[in-house]
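What follows is a short report on a single structure.
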Amino acid sequence: MTEFDTEQDSGVTYLTREVAAADYIVRYRDPVRFLECCKVCPSFGRTYKCPPITGERNIDFSPFTTARIIVAKIPIPPRTPVSEASSILNPIRLKLEKNLLDMERQTAGSRAFCCTATDGCDFCSGTACARLSEEPCRHPELVRPSLEAYGFDLSATLSDLFCLEMLWGKDGYLPSYLVLIGAVFQ
């Protein structure tokens, strides 16, 4: 594994690390375990960004040789209420997802994995996801499920590859930082 690269933008620290895809898959992917975790989320099965992953959304990971993992570490002011998480995360998530999709488009055969959306999918804006009516996704060129939707352990990814701890809010307040994790497999 290589060391990770660091870059700052508007107070957000972006960390990037390239790893061998096969090693990352073997070490950090456990779809059965994480599918059970996802089942307790209210978005489970309600958007095309969330599991269960079926049909054409299933991915054969074997052709990929490299996984470029990108972490956005967002500092949070003390005593920021949990209710502000979406308004803090969403602009950064959208920017990161745009960059991930741009990277995907630049290399034939690559695949982006976007960040978990705190408020579901953004692309149908105001209209219920087509998944609810068992129709095809209206925006397949934009919608990419997250790494955890495919069973990747993001807490271990963060700890092992970036020396960061996944923090959780306490007593109604956000932790000192939040993270978004995306990737492009090539």
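Following the order of the structure tokens, chains are lettered A, B, ..., residues in each are numbered from 1, and ligands are numbered from 1.
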Which residues in range 93-171 of chain A does DSSP call strand (DSSP E or B)? List them as a PyMOL selection string. chain A and resi 111-114+118+120+146+152+170
Give me, as a PyMOL selection string, all polymer residues having an atom no more than 9 Å from Arg93 in chain A, counting only C-alpha atoms and skipping those fewer than 5 positions away in the same chain. chain A and resi 72+98+114-117+180
Write to file, as a CSV table (one decimal), in the first residue's frame, the residues of the selection just made, with N, CA and C atoms.
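As a result, out_19.csv now contains:
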```csv
chain,number,residue,atom,x,y,z
A,72,ALA,N,-13.3,12.6,3.0
A,72,ALA,CA,-13.4,14.0,3.3
A,72,ALA,C,-13.6,14.1,4.8
A,98,LYS,N,-19.4,14.5,-7.3
A,98,LYS,CA,-19.1,15.0,-8.7
A,98,LYS,C,-17.7,14.6,-9.1
A,114,CYS,N,-20.1,6.2,-4.3
A,114,CYS,CA,-20.4,7.5,-3.7
A,114,CYS,C,-20.6,7.4,-2.2
A,115,CYS,N,-20.8,8.5,-1.6
A,115,CYS,CA,-21.0,8.5,-0.1
A,115,CYS,C,-22.5,8.2,0.2
A,116,THR,N,-22.7,7.7,1.4
A,116,THR,CA,-24.0,7.5,1.9
A,116,THR,C,-24.7,8.9,2.0
A,117,ALA,N,-25.9,9.0,1.4
A,117,ALA,CA,-26.6,10.2,1.5
A,117,ALA,C,-27.4,10.2,2.8
A,180,LEU,N,-16.8,11.6,5.2
A,180,LEU,CA,-17.5,11.0,4.0
A,180,LEU,C,-16.4,10.2,3.3
```
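Near Arg144 in chain A, within 9 Å and counting only C-alpha atoms, sit Tyr48, Lys49, Arg57, Glu97, Leu101, Arg111, Ala112, Phe113, Cys114, Cys115 and Pro140 of chain A; same-chain residues fewer than 4 positions away were not included.
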Spatial neighbours of Asp30 in chain A, 9 Å, only C-alpha atoms, chain gap at least 4 places, as a VMD selection string: chain A and resid 25 to 26 34 to 35 150 to 153
Non-local contacts of Arg46 in chain A (10 Å; only C-alpha atoms; under 3 positions in same chain excluded) as a JSON list (two decimals) with N, CA and C atoms, in the first residue's frame:
```json
[["chain", "number", "residue", "atom", "x", "y", "z"],
["A", 41, "CYS", "N", -31.86, 0.72, 8.62],
["A", 41, "CYS", "CA", -31.95, 2.10, 8.13],
["A", 41, "CYS", "C", -33.29, 2.31, 7.42],
["A", 42, "PRO", "N", -33.91, 3.47, 7.63],
["A", 42, "PRO", "CA", -35.19, 3.74, 6.96],
["A", 42, "PRO", "C", -35.08, 3.85, 5.44],
["A", 43, "SER", "N", -33.87, 4.02, 4.90],
["A", 43, "SER", "CA", -33.70, 4.11, 3.44],
["A", 43, "SER", "C", -33.51, 2.74, 2.79],
["A", 49, "LYS", "N", -29.68, 4.11, -4.32],
["A", 49, "LYS", "CA", -28.36, 4.28, -3.69],
["A", 49, "LYS", "C", -28.16, 3.28, -2.56],
["A", 50, "CYS", "N", -29.24, 2.64, -2.13],
["A", 50, "CYS", "CA", -29.18, 1.78, -0.95],
["A", 50, "CYS", "C", -29.38, 0.31, -1.30],
["A", 51, "PRO", "N", -28.93, -0.58, -0.41],
["A", 51, "PRO", "CA", -29.20, -2.00, -0.61],
["A", 51, "PRO", "C", -30.67, -2.31, -0.40],
["A", 52, "PRO", "N", -31.12, -3.48, -0.77],
["A", 52, "PRO", "CA", -30.30, -4.54, -1.36],
["A", 52, "PRO", "C", -29.92, -4.22, -2.80],
["A", 120, "GLY", "N", -31.18, 10.40, 1.72],
["A", 120, "GLY", "CA", -31.56, 9.63, 0.53],
["A", 120, "GLY", "C", -30.89, 10.16, -0.71],
["A", 121, "CYS", "N", -31.47, 9.89, -1.85],
["A", 121, "CYS", "CA", -30.91, 10.26, -3.15],
["A", 121, "CYS", "C", -31.36, 11.68, -3.52],
["A", 128, "ALA", "N", -40.59, 10.80, -5.53],
["A", 128, "ALA", "CA", -40.16, 9.55, -4.90],
["A", 128, "ALA", "C", -39.28, 8.76, -5.86],
["A", 129, "CYS", "N", -38.30, 8.07, -5.30],
["A", 129, "CYS", "CA", -37.40, 7.24, -6.10],
["A", 129, "CYS", "C", -38.21, 6.22, -6.89],
["A", 130, "ALA", "N", -37.80, 5.99, -8.12],
["A", 130, "ALA", "CA", -38.48, 5.02, -8.99],
["A", 130, "ALA", "C", -38.44, 3.61, -8.40],
["A", 131, "ARG", "N", -37.50, 3.36, -7.52],
["A", 131, "ARG", "CA", -37.40, 2.04, -6.91],
["A", 131, "ARG", "C", -38.67, 1.68, -6.14],
["A", 132, "LEU", "N", -39.32, 2.66, -5.56],
["A", 132, "LEU", "CA", -40.54, 2.41, -4.79],
["A", 132, "LEU", "C", -41.66, 1.84, -5.65],
["A", 133, "SER", "N", -41.68, 2.20, -6.93],
["A", 133, "SER", "CA", -42.70, 1.67, -7.84],
["A", 133, "SER", "C", -42.12, 0.60, -8.77],
["A", 134, "GLU", "N", -40.94, 0.09, -8.42],
["A", 134, "GLU", "CA", -40.26, -0.98, -9.16],
["A", 134, "GLU", "C", -39.98, -0.59, -10.61]]
```
At most 12 Å is the cut-off: for each residue in range 60-138 of chain A with any atom that close to an atom of range 2-24 of chain A, write down the nearest atom pair and the distance in Å rounded to one decimal, counting only C-alpha atoms, chain first then increasing number, as a Markdown table.
```
| residue | atom | partner | partner_atom | distance |
| --- | --- | --- | --- | --- |
| A:Asp60 | CA | A:Ala22 | CA | 11.6 |
| A:Phe61 | CA | A:Ala21 | CA | 8.1 |
| A:Ser62 | CA | A:Ala22 | CA | 7.3 |
| A:Pro63 | CA | A:Ala21 | CA | 9.1 |
| A:Phe64 | CA | A:Ala21 | CA | 6.0 |
| A:Thr65 | CA | A:Ala21 | CA | 5.0 |
| A:Thr66 | CA | A:Ala21 | CA | 4.5 |
| A:Ala67 | CA | A:Ala21 | CA | 4.9 |
| A:Arg68 | CA | A:Glu18 | CA | 4.3 |
| A:Ile69 | CA | A:Arg17 | CA | 5.3 |
| A:Ile70 | CA | A:Thr16 | CA | 4.5 |
| A:Val71 | CA | A:Leu15 | CA | 5.0 |
| A:Ala72 | CA | A:Tyr14 | CA | 4.6 |
| A:Lys73 | CA | A:Thr13 | CA | 5.1 |
| A:Ile74 | CA | A:Val12 | CA | 5.0 |
| A:Pro75 | CA | A:Val12 | CA | 6.8 |
| A:Ile76 | CA | A:Val12 | CA | 10.1 |
| A:Pro77 | CA | A:Gly11 | CA | 11.6 |
| A:Ile88 | CA | A:Val12 | CA | 11.1 |
| A:Leu89 | CA | A:Val12 | CA | 10.8 |
| A:Pro91 | CA | A:Val12 | CA | 11.5 |
| A:Ile92 | CA | A:Val12 | CA | 8.5 |
| A:Arg93 | CA | A:Val12 | CA | 11.3 |
| A:Lys95 | CA | A:Asp9 | CA | 11.2 |
| A:Leu96 | CA | A:Tyr14 | CA | 9.4 |
| A:Asn99 | CA | A:Tyr14 | CA | 11.8 |
| A:Leu100 | CA | A:Thr16 | CA | 11.7 |
| A:Ser110 | CA | A:Ala21 | CA | 11.7 |
| A:Arg111 | CA | A:Ala21 | CA | 11.8 |
```
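Take the candidates A:Ser146, A:Gln106, A:Pro78, A:Gly55 and check each one against Cys38 in chain A using only C-alpha atoms; the shortest distance goes to A:Ser146.
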Mind checking DSSP for chain A and telling me the alpha helix (DSSP H) residues as a PyMOL selection string? chain A and resi 21-28+31-38+85-106+154-162
To one decimal place, how far is CA of Pro175 in chain A from CA of Pro81 in chain A in Å?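 Atom-to-atom, CA of Pro175 in chain A and CA of Pro81 in chain A are spaced 9.5 Å apart.
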Skip Tyr173 in chain A itself and residues of its chain fewer than 3 positions away, then list as a list of chain:residue names all residues within 7 Å of it, counting only C-alpha atoms.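 Residues meeting the cut-off are A:Arg79, A:Thr80, A:Pro81, A:Val82, A:Gly169, A:Lys170.
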Thr107 in chain A environment, 10 Å, only C-alpha atoms, sequence neighbours closer than 6 positions dropped, as a VMD selection string: chain A and resid 184 to 186
Mind giving me the straight-line distance from CA of Glu148 in chain A to CA of Pro31 in chain A in Å, one decimal? 8.3 Å
